[in-house]
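Coordinates as given in final_21.tsv (TSV, C-alpha atoms):
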chain	number	residue	atom	x	y	z
A	170	MET	CA	25.86	-30.87	54.14
A	171	LYS	CA	22.37	-29.69	55.03
A	172	LYS	CA	23.32	-26.22	53.85
A	173	ALA	CA	24.60	-27.65	50.52
A	174	LYS	CA	21.38	-29.65	50.07
A	175	GLY	CA	19.37	-26.50	50.77
A	176	VAL	CA	21.32	-24.55	48.16
A	177	LEU	CA	20.90	-27.36	45.59
A	178	PHE	CA	17.17	-27.47	46.36
A	179	VAL	CA	16.80	-23.74	45.71
A	180	VAL	CA	18.91	-23.97	42.52
A	181	PHE	CA	16.86	-26.85	41.12
A	182	LEU	CA	13.63	-25.10	42.13
A	183	LEU	CA	14.64	-21.93	40.30
A	184	PHE	CA	15.84	-23.98	37.34
A	185	GLY	CA	12.48	-25.76	37.20
A	186	MET	CA	10.61	-22.48	37.40
A	187	ILE	CA	12.68	-21.04	34.53
A	188	ILE	CA	12.09	-24.13	32.38
A	189	THR	CA	8.35	-23.98	33.10
A	190	MET	CA	8.16	-20.28	32.27
A	191	GLN	CA	10.04	-20.78	28.99
A	192	PHE	CA	7.78	-23.69	28.04
A	193	ARG	CA	4.64	-21.68	28.73
A	194	THR	CA	6.03	-18.71	26.75
A	195	VAL	CA	6.79	-20.91	23.73
A	196	LEU	CA	3.39	-22.61	23.98
A	197	LEU	CA	1.57	-19.28	24.23
A	198	ALA	CA	3.49	-17.91	21.24
A	199	GLN	CA	2.57	-20.97	19.20
A	200	GLN	CA	-1.08	-20.61	20.17
A	201	GLN	CA	-1.07	-16.92	19.26
A	202	SER	CA	0.64	-17.68	15.95
A	203	THR	CA	-1.87	-20.41	15.14
A	204	GLY	CA	-4.75	-18.18	16.21
A	205	GLY	CA	-3.42	-15.30	14.12
A	206	GLU	CA	-3.06	-17.49	11.03
A	207	SER	CA	-6.56	-18.83	11.57
A	208	GLN	CA	-7.95	-15.30	11.90
A	209	VAL	CA	-6.16	-14.15	8.75
A	210	GLN	CA	-7.51	-17.14	6.83
A	211	SER	CA	-11.01	-16.45	8.11
A	212	LEU	CA	-10.84	-12.76	7.15
A	213	THR	CA	-9.43	-13.66	3.74
A	214	VAL	CA	-12.38	-15.98	3.11
A	215	GLU	CA	-14.84	-13.30	4.27
A	216	LEU	CA	-13.19	-10.71	2.00
A	217	GLU	CA	-13.41	-13.07	-0.98
A	218	GLN	CA	-17.06	-13.81	-0.23
A	219	ALA	CA	-17.85	-10.09	0.04
A	220	LYS	CA	-16.00	-9.47	-3.22
A	221	ASN	CA	-17.98	-12.17	-5.06
A	222	GLU	CA	-21.26	-10.85	-3.66
A	223	GLY	CA	-20.29	-7.34	-4.72
A	224	ILE	CA	-19.53	-8.54	-8.26
A	225	LYS	CA	-22.97	-10.18	-8.48
A	226	LEU	CA	-24.69	-7.01	-7.25
A	227	LEU	CA	-22.68	-4.89	-9.69
A	228	GLU	CA	-23.66	-7.15	-12.59
A	229	GLU	CA	-27.31	-6.92	-11.52
A	230	LEU	CA	-27.04	-3.13	-11.30
A	231	GLN	CA	-25.54	-2.94	-14.78
A	232	ARG	CA	-28.35	-5.13	-16.12
A	233	LEU	CA	-30.95	-2.81	-14.58
A	234	GLU	CA	-29.14	0.21	-16.04
A	235	LYS	CA	-29.45	-1.31	-19.51
A	236	GLU	CA	-33.15	-1.99	-18.95
A	237	LYS	CA	-33.62	1.62	-17.83
A	238	ASP	CA	-31.82	2.93	-20.93
A	239	GLU	CA	-34.02	0.77	-23.17
A	240	ILE	CA	-37.18	2.05	-21.48
A	241	MET	CA	-35.98	5.64	-21.92
A	242	ARG	CA	-35.28	4.97	-25.59
A	243	GLN	CA	-38.77	3.58	-26.11
A	244	LEU	CA	-40.29	6.57	-24.35
A	245	SER	CA	-38.34	9.00	-26.54
A	246	ASN	CA	-39.75	7.27	-29.64
A	247	ASP	CA	-43.30	7.49	-28.29
A	248	GLY	CA	-43.88	10.93	-29.77
A	249	ASN	CA	-45.55	12.32	-26.65
A	250	PRO	CA	-44.45	16.00	-26.41
A	251	VAL	CA	-44.76	16.08	-22.61
A	252	ILE	CA	-42.60	12.98	-22.19
A	253	ASN	CA	-40.05	14.28	-24.71
A	254	GLU	CA	-39.82	17.59	-22.86
A	255	LEU	CA	-39.18	15.75	-19.59
A	256	LEU	CA	-36.55	13.54	-21.23
A	257	ASN	CA	-34.80	16.61	-22.68
A	258	LYS	CA	-34.81	18.20	-19.23
A	259	LYS	CA	-33.35	15.01	-17.77
A	260	ASP	CA	-30.56	15.00	-20.38
A	261	GLU	CA	-29.82	18.65	-19.64
A	262	LEU	CA	-29.56	17.98	-15.90
A	263	LEU	CA	-27.29	14.97	-16.50
A	264	LEU	CA	-25.05	17.13	-18.67
A	265	VAL	CA	-24.82	19.96	-16.15
A	266	SER	CA	-24.16	17.60	-13.22
A	267	GLY	CA	-21.45	15.66	-15.07
A	268	LEU	CA	-23.32	12.35	-15.10
A	269	THR	CA	-23.16	11.78	-18.85
A	270	ASP	CA	-20.33	11.29	-21.35
A	271	VAL	CA	-19.25	14.39	-23.27
A	272	LYS	CA	-16.83	15.16	-26.08
A	273	GLY	CA	-15.17	18.22	-27.53
A	274	SER	CA	-11.82	19.86	-28.21
A	275	GLY	CA	-9.37	20.69	-25.44
A	276	VAL	CA	-6.10	19.53	-23.91
A	277	VAL	CA	-4.63	16.34	-22.50
A	278	ILE	CA	-2.05	16.69	-19.72
A	279	THR	CA	0.15	13.77	-18.63
A	280	LEU	CA	1.84	13.98	-15.23
A	281	ASN	CA	4.59	11.63	-14.09
A	282	ASP	CA	7.10	11.52	-11.23
A	283	ALA	CA	10.68	12.67	-11.77
A	284	PRO	CA	13.54	10.14	-11.93
A	285	ALA	CA	15.02	9.31	-8.52
A	286	ARG	CA	18.05	11.40	-7.50
A	287	THR	CA	20.03	10.97	-4.29
A	288	GLU	CA	20.81	14.66	-3.86
A	289	ILE	CA	17.14	15.69	-3.63
A	290	ASP	CA	14.46	14.79	-1.11
A	291	PRO	CA	12.36	12.03	-2.79
A	292	ARG	CA	9.18	13.81	-1.71
A	293	GLN	CA	10.05	16.67	-4.05
A	294	LEU	CA	10.28	14.29	-7.02
A	295	ILE	CA	6.77	12.86	-6.87
A	296	ILE	CA	3.39	14.31	-7.74
A	297	HIS	CA	1.22	15.24	-4.76
A	298	ASP	CA	-2.50	15.88	-4.57
A	299	MET	CA	-1.90	19.62	-4.22
A	300	ASP	CA	-0.03	19.62	-7.55
A	301	ILE	CA	-3.10	18.12	-9.19
A	302	VAL	CA	-5.43	20.56	-7.42
A	303	GLN	CA	-3.36	23.48	-8.74
A	304	ILE	CA	-3.61	22.23	-12.32
A	305	LEU	CA	-7.36	21.63	-11.98
A	306	ASN	CA	-7.79	25.19	-10.70
A	307	ILE	CA	-5.76	26.52	-13.62
A	308	LEU	CA	-7.97	24.64	-16.09
A	309	ARG	CA	-11.19	25.82	-14.42
A	310	ALA	CA	-10.00	29.43	-14.44
A	311	ALA	CA	-9.19	29.08	-18.16
A	312	GLY	CA	-12.74	27.96	-18.92
A	313	ALA	CA	-12.60	24.15	-18.85
A	314	GLN	CA	-16.14	22.81	-19.20
A	315	ALA	CA	-15.41	19.18	-18.28
A	316	ILE	CA	-12.38	17.56	-16.62
A	317	SER	CA	-11.31	14.00	-15.90
A	318	ILE	CA	-8.30	12.34	-14.26
A	319	ASN	CA	-7.49	8.85	-15.54
A	320	ASP	CA	-11.02	8.83	-17.01
A	321	GLU	CA	-12.56	9.65	-13.62
A	322	ARG	CA	-14.93	12.57	-14.13
A	323	ILE	CA	-14.23	15.44	-11.76
A	324	ILE	CA	-17.38	17.03	-10.36
A	325	THR	CA	-17.99	19.35	-7.42
A	326	THR	CA	-18.06	16.48	-4.91
A	327	SER	CA	-14.98	14.69	-6.27
A	328	LYS	CA	-12.10	14.22	-3.87
A	329	HIS	CA	-8.50	13.42	-4.77
A	330	PHE	CA	-5.73	13.00	-2.22
A	331	CYS	CA	-2.45	11.20	-1.74
A	332	ALA	CA	-2.43	7.63	-0.48
A	333	GLY	CA	1.23	6.67	-0.32
A	334	PRO	CA	2.71	6.61	-3.86
A	335	THR	CA	-0.80	6.69	-5.35
A	336	ILE	CA	-3.73	9.10	-5.43
A	337	LEU	CA	-7.35	8.36	-4.60
A	338	ILE	CA	-9.76	9.82	-7.14
A	339	ASN	CA	-13.49	9.33	-6.57
A	340	GLN	CA	-12.59	6.67	-3.99
A	341	LYS	CA	-10.53	4.72	-6.54
A	342	ARG	CA	-6.77	4.30	-6.30
A	343	TYR	CA	-4.49	5.23	-9.22
A	344	PRO	CA	-0.69	5.27	-9.60
A	345	VAL	CA	1.27	7.54	-11.94
A	346	PRO	CA	1.05	8.55	-14.69
A	347	TYR	CA	-1.98	10.80	-14.20
A	348	VAL	CA	-3.76	11.76	-17.42
A	349	ILE	CA	-5.88	14.90	-17.08
A	350	LYS	CA	-8.34	15.64	-19.89
A	351	ALA	CA	-10.09	18.98	-20.17
A	352	ILE	CA	-12.66	20.16	-22.72
A	353	GLY	CA	-12.64	23.85	-23.61
A	354	ASP	CA	-10.80	26.26	-25.86
A	355	PRO	CA	-7.55	24.36	-26.65
A	356	ASP	CA	-5.41	27.49	-27.00
A	357	GLU	CA	-6.70	29.07	-23.78
A	358	LEU	CA	-6.25	25.86	-21.78
A	359	TYR	CA	-2.82	25.10	-23.23
A	360	ASN	CA	-1.41	28.58	-22.62
A	361	ALA	CA	-2.85	28.79	-19.11
A	362	VAL	CA	-1.17	25.55	-18.02
A	363	GLU	CA	2.06	25.95	-20.00
A	364	GLN	CA	2.76	29.43	-18.63
A	365	ASN	CA	1.71	28.84	-15.03
A	366	GLU	CA	4.34	29.25	-12.31
A	367	ALA	CA	3.33	26.00	-10.55
A	368	VAL	CA	4.00	24.00	-13.73
A	369	VAL	CA	7.36	25.73	-14.22
A	370	ILE	CA	8.38	24.71	-10.68
A	371	LEU	CA	7.33	21.10	-11.26
A	372	ARG	CA	9.50	20.96	-14.37
A	373	ILE	CA	12.49	22.37	-12.49
A	374	TYR	CA	12.41	19.14	-10.47
A	375	ASP	CA	12.09	17.11	-13.71
A	376	ILE	CA	8.50	16.15	-12.96
A	377	GLN	CA	6.88	15.40	-16.30
A	378	VAL	CA	4.14	17.81	-17.36
A	379	ASP	CA	3.29	17.00	-20.96
A	380	ILE	CA	0.53	19.14	-22.53
A	381	ARG	CA	-1.00	18.59	-25.95
A	382	LYS	CA	-4.02	19.98	-27.77
A	383	GLU	CA	-6.66	17.57	-29.06
A	384	SER	CA	-9.47	18.23	-31.53
A	385	GLU	CA	-11.72	15.56	-30.02
A	386	ILE	CA	-11.61	14.41	-26.41
A	387	VAL	CA	-14.13	12.07	-24.82
A	388	ILE	CA	-14.70	12.49	-21.08
A	389	PRO	CA	-16.91	9.88	-19.39
A	390	GLY	CA	-19.70	10.77	-17.01
A	391	TYR	CA	-19.26	10.43	-13.27
A	392	LYS	CA	-19.98	6.88	-12.11
A	393	THR	CA	-21.78	6.41	-8.82
A	394	TYR	CA	-20.39	2.90	-8.70
A	395	GLY	CA	-17.38	1.20	-10.23
A	396	SER	CA	-15.35	-1.94	-10.52
A	397	ILE	CA	-15.17	-4.10	-7.40
A	398	GLU	CA	-11.50	-4.72	-8.17
A	399	ASN	CA	-10.78	-0.96	-8.07
A	400	MET	CA	-12.63	-0.59	-4.78
A	401	ILE	CA	-10.50	-3.20	-2.97
A	402	SER	CA	-7.29	-3.11	-5.02
A	403	GLY	CA	-5.45	-1.30	-2.22
A	404	LEU	CA	-6.70	-3.51	0.61
A	405	GLU	CA	-5.00	-6.41	2.30
A	406	VAL	CA	-5.74	-8.45	5.41
A	407	VAL	CA	-3.69	-7.33	8.41
A	408	GLU	CA	-1.91	-10.09	10.25
A	409	LYS	CA	-2.16	-9.74	14.03
Will you turn the file into structure tokens for me?
Amino acid sequence: MKKAKGVLFVVFLLFGMIITMQFRTVLLAQQQSTGGESQVQSLTVELEQAKNEGIKLLEELQRLEKEKDEIMRQLSNDGNPVINELLNKKDELLLVSGLTDVKGSGVVITLNDAPARTEIDPRQLIIHDMDIVQILNILRAAGAQAISINDERIITTSKHFCAGPTILINQKRYPVPYVIKAIGDPDELYNAVEQNEAVVILRIYDIQVDIRKESEIVIPGYKTYGSIENMISGLEVVEK
């Protein structure tokens, strides 16, 4: 009897320990879940606040840009030869550095992923950053004077690389299709791209490479700042 009581005591003790451990595990999980939700909510609020503050600063910056342009316009009408020479030099530097809008004849190239096919590795059916780099190099070698991708001006410091199914251009995220504009001799640019081996290979995989000549193309200047929405469009709060 004493032995049976001892066994029952140990069984109930173990049973109690198991129940206690399960209770604490559930309670801890609930606390972590609640804490995680609270943290996500807090970060979401902070992100929204930062976004609104960024929008206000961007609006203020755009207002100051307009004031600067108006001051420059007034100075150019002043008739002072020294000031006019300096303003002409400024315009020349902006043109050379890619910081002003330009227009001219050239080509427009539209790139798009190939349709999905089960018999081919999906990675071979999408456009990668190296594909874009190759086309940019072809255009530069053919004498392109100004280039943009999705209206993002490409300058010497521009970077463009894959980010999942999208590409980051000048720190902004863009999905396909990619529209490349290049100003230069339309015939030279067209033939250089159309006859290039890299483009032929892309088309073998049914990746779209559409090239057309244009008599007037407008390429915007490089923007040192941009839309707040573009800057955070690829971000989301991580739940932990």
In terms of the shortest atom-to-atom distance over only C-alpha atoms, which of A:Glu217, A:Thr393, A:Ala315, A:Glu383 is closest to A:Val271?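 Selected residue with least distance to A:Val271: A:Ala315.
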May I ask for the distance between atom CA of A:Val265 and atom CA of A:Leu305, given in Å to one decimal place? 18.0 Å
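Near A:Lys392, within 10 Å and counting only C-alpha atoms, sit Gly267, Leu268, Thr269, Glu321, Arg322, Asn339, Pro389, Gly390, Tyr394 and Gly395 of chain A; same-chain residues fewer than 2 positions away were not included.
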Mind pulling up the distance from atom CA of A:Leu212 to atom CA of A:Leu227?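 Computed distance, atom CA of A:Leu227 to atom CA of A:Leu212, equals 22.0 Å.
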From the list A:Met241, A:Leu264, A:Leu230, A:Leu294, which residue is nearest A:Asp375 when using only C-alpha atoms?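 The closest residue to A:Asp375 is A:Leu294.
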What separates atom CA of A:Ile352 and atom CA of A:Glu254 is a distance of 27.3 Å
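When all atoms listed in the file are used to compute distances to A:Lys350, the closest of the residues A:Ile278, A:Ile301, A:Ile296, A:Ala310 turns out to be A:Ile278.
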Write out as a PyMOL selection string the residues lying within 9 Å of A:Ser274, counting only C-alpha atoms and excluding same-chain residues fewer than 4 positions away. chain A and resi 351-355+382-387
Can you patch up stretch 206-230 of chain A, filling it in to N, CA and C atoms, and show the result as a short mmCIF file (atom, residue, chain, number, x, y, z; two decimals), in the frame of the given file?
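Result file is selection-v1.cif:
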data_model
loop_
_atom_site.label_atom_id
_atom_site.label_comp_id
_atom_site.auth_asym_id
_atom_site.auth_seq_id
_atom_site.Cartn_x
_atom_site.Cartn_y
_atom_site.Cartn_z
N GLU A 206 -2.94 -16.94 12.37
CA GLU A 206 -3.06 -17.49 11.03
C GLU A 206 -4.51 -17.86 10.74
N SER A 207 -5.17 -18.44 11.74
CA SER A 207 -6.56 -18.83 11.57
C SER A 207 -7.44 -17.61 11.32
N GLN A 208 -7.17 -16.51 12.06
CA GLN A 208 -7.95 -15.30 11.90
C GLN A 208 -7.73 -14.69 10.52
N VAL A 209 -6.47 -14.69 10.07
CA VAL A 209 -6.16 -14.15 8.75
C VAL A 209 -6.87 -14.95 7.67
N GLN A 210 -6.85 -16.28 7.80
CA GLN A 210 -7.51 -17.14 6.83
C GLN A 210 -9.01 -16.87 6.81
N SER A 211 -9.58 -16.70 8.01
CA SER A 211 -11.01 -16.45 8.11
C SER A 211 -11.38 -15.11 7.46
N LEU A 212 -10.57 -14.07 7.74
CA LEU A 212 -10.84 -12.76 7.15
C LEU A 212 -10.65 -12.78 5.64
N THR A 213 -9.66 -13.55 5.18
CA THR A 213 -9.43 -13.66 3.74
C THR A 213 -10.63 -14.29 3.05
N VAL A 214 -11.18 -15.33 3.66
CA VAL A 214 -12.38 -15.98 3.11
C VAL A 214 -13.55 -15.01 3.09
N GLU A 215 -13.74 -14.27 4.19
CA GLU A 215 -14.84 -13.30 4.27
C GLU A 215 -14.68 -12.22 3.20
N LEU A 216 -13.45 -11.74 3.00
CA LEU A 216 -13.19 -10.71 2.00
C LEU A 216 -13.51 -11.22 0.61
N GLU A 217 -13.14 -12.47 0.32
CA GLU A 217 -13.41 -13.07 -0.98
C GLU A 217 -14.91 -13.24 -1.20
N GLN A 218 -15.61 -13.65 -0.14
CA GLN A 218 -17.06 -13.81 -0.23
C GLN A 218 -17.74 -12.46 -0.50
N ALA A 219 -17.29 -11.43 0.23
CA ALA A 219 -17.85 -10.09 0.04
C ALA A 219 -17.56 -9.58 -1.37
N LYS A 220 -16.37 -9.87 -1.86
CA LYS A 220 -16.00 -9.47 -3.22
C LYS A 220 -16.91 -10.13 -4.25
N ASN A 221 -17.13 -11.45 -4.12
CA ASN A 221 -17.98 -12.17 -5.06
C ASN A 221 -19.42 -11.67 -5.01
N GLU A 222 -19.90 -11.38 -3.80
CA GLU A 222 -21.26 -10.85 -3.66
C GLU A 222 -21.36 -9.47 -4.30
N GLY A 223 -20.31 -8.67 -4.11
CA GLY A 223 -20.29 -7.34 -4.72
C GLY A 223 -20.30 -7.41 -6.24
N ILE A 224 -19.57 -8.37 -6.80
CA ILE A 224 -19.53 -8.54 -8.26
C ILE A 224 -20.92 -8.91 -8.78
N LYS A 225 -21.62 -9.79 -8.07
CA LYS A 225 -22.97 -10.18 -8.48
C LYS A 225 -23.92 -8.98 -8.45
N LEU A 226 -23.83 -8.18 -7.37
CA LEU A 226 -24.69 -7.01 -7.25
C LEU A 226 -24.38 -5.98 -8.34
N LEU A 227 -23.07 -5.83 -8.65
CA LEU A 227 -22.68 -4.89 -9.69
C LEU A 227 -23.21 -5.33 -11.05
N GLU A 228 -23.13 -6.63 -11.33
CA GLU A 228 -23.66 -7.15 -12.59
C GLU A 228 -25.17 -6.93 -12.67
N GLU A 229 -25.88 -7.14 -11.55
CA GLU A 229 -27.31 -6.92 -11.52
C GLU A 229 -27.64 -5.44 -11.74
N LEU A 230 -26.83 -4.56 -11.13
CA LEU A 230 -27.04 -3.13 -11.30
C LEU A 230 -26.83 -2.71 -12.75
#
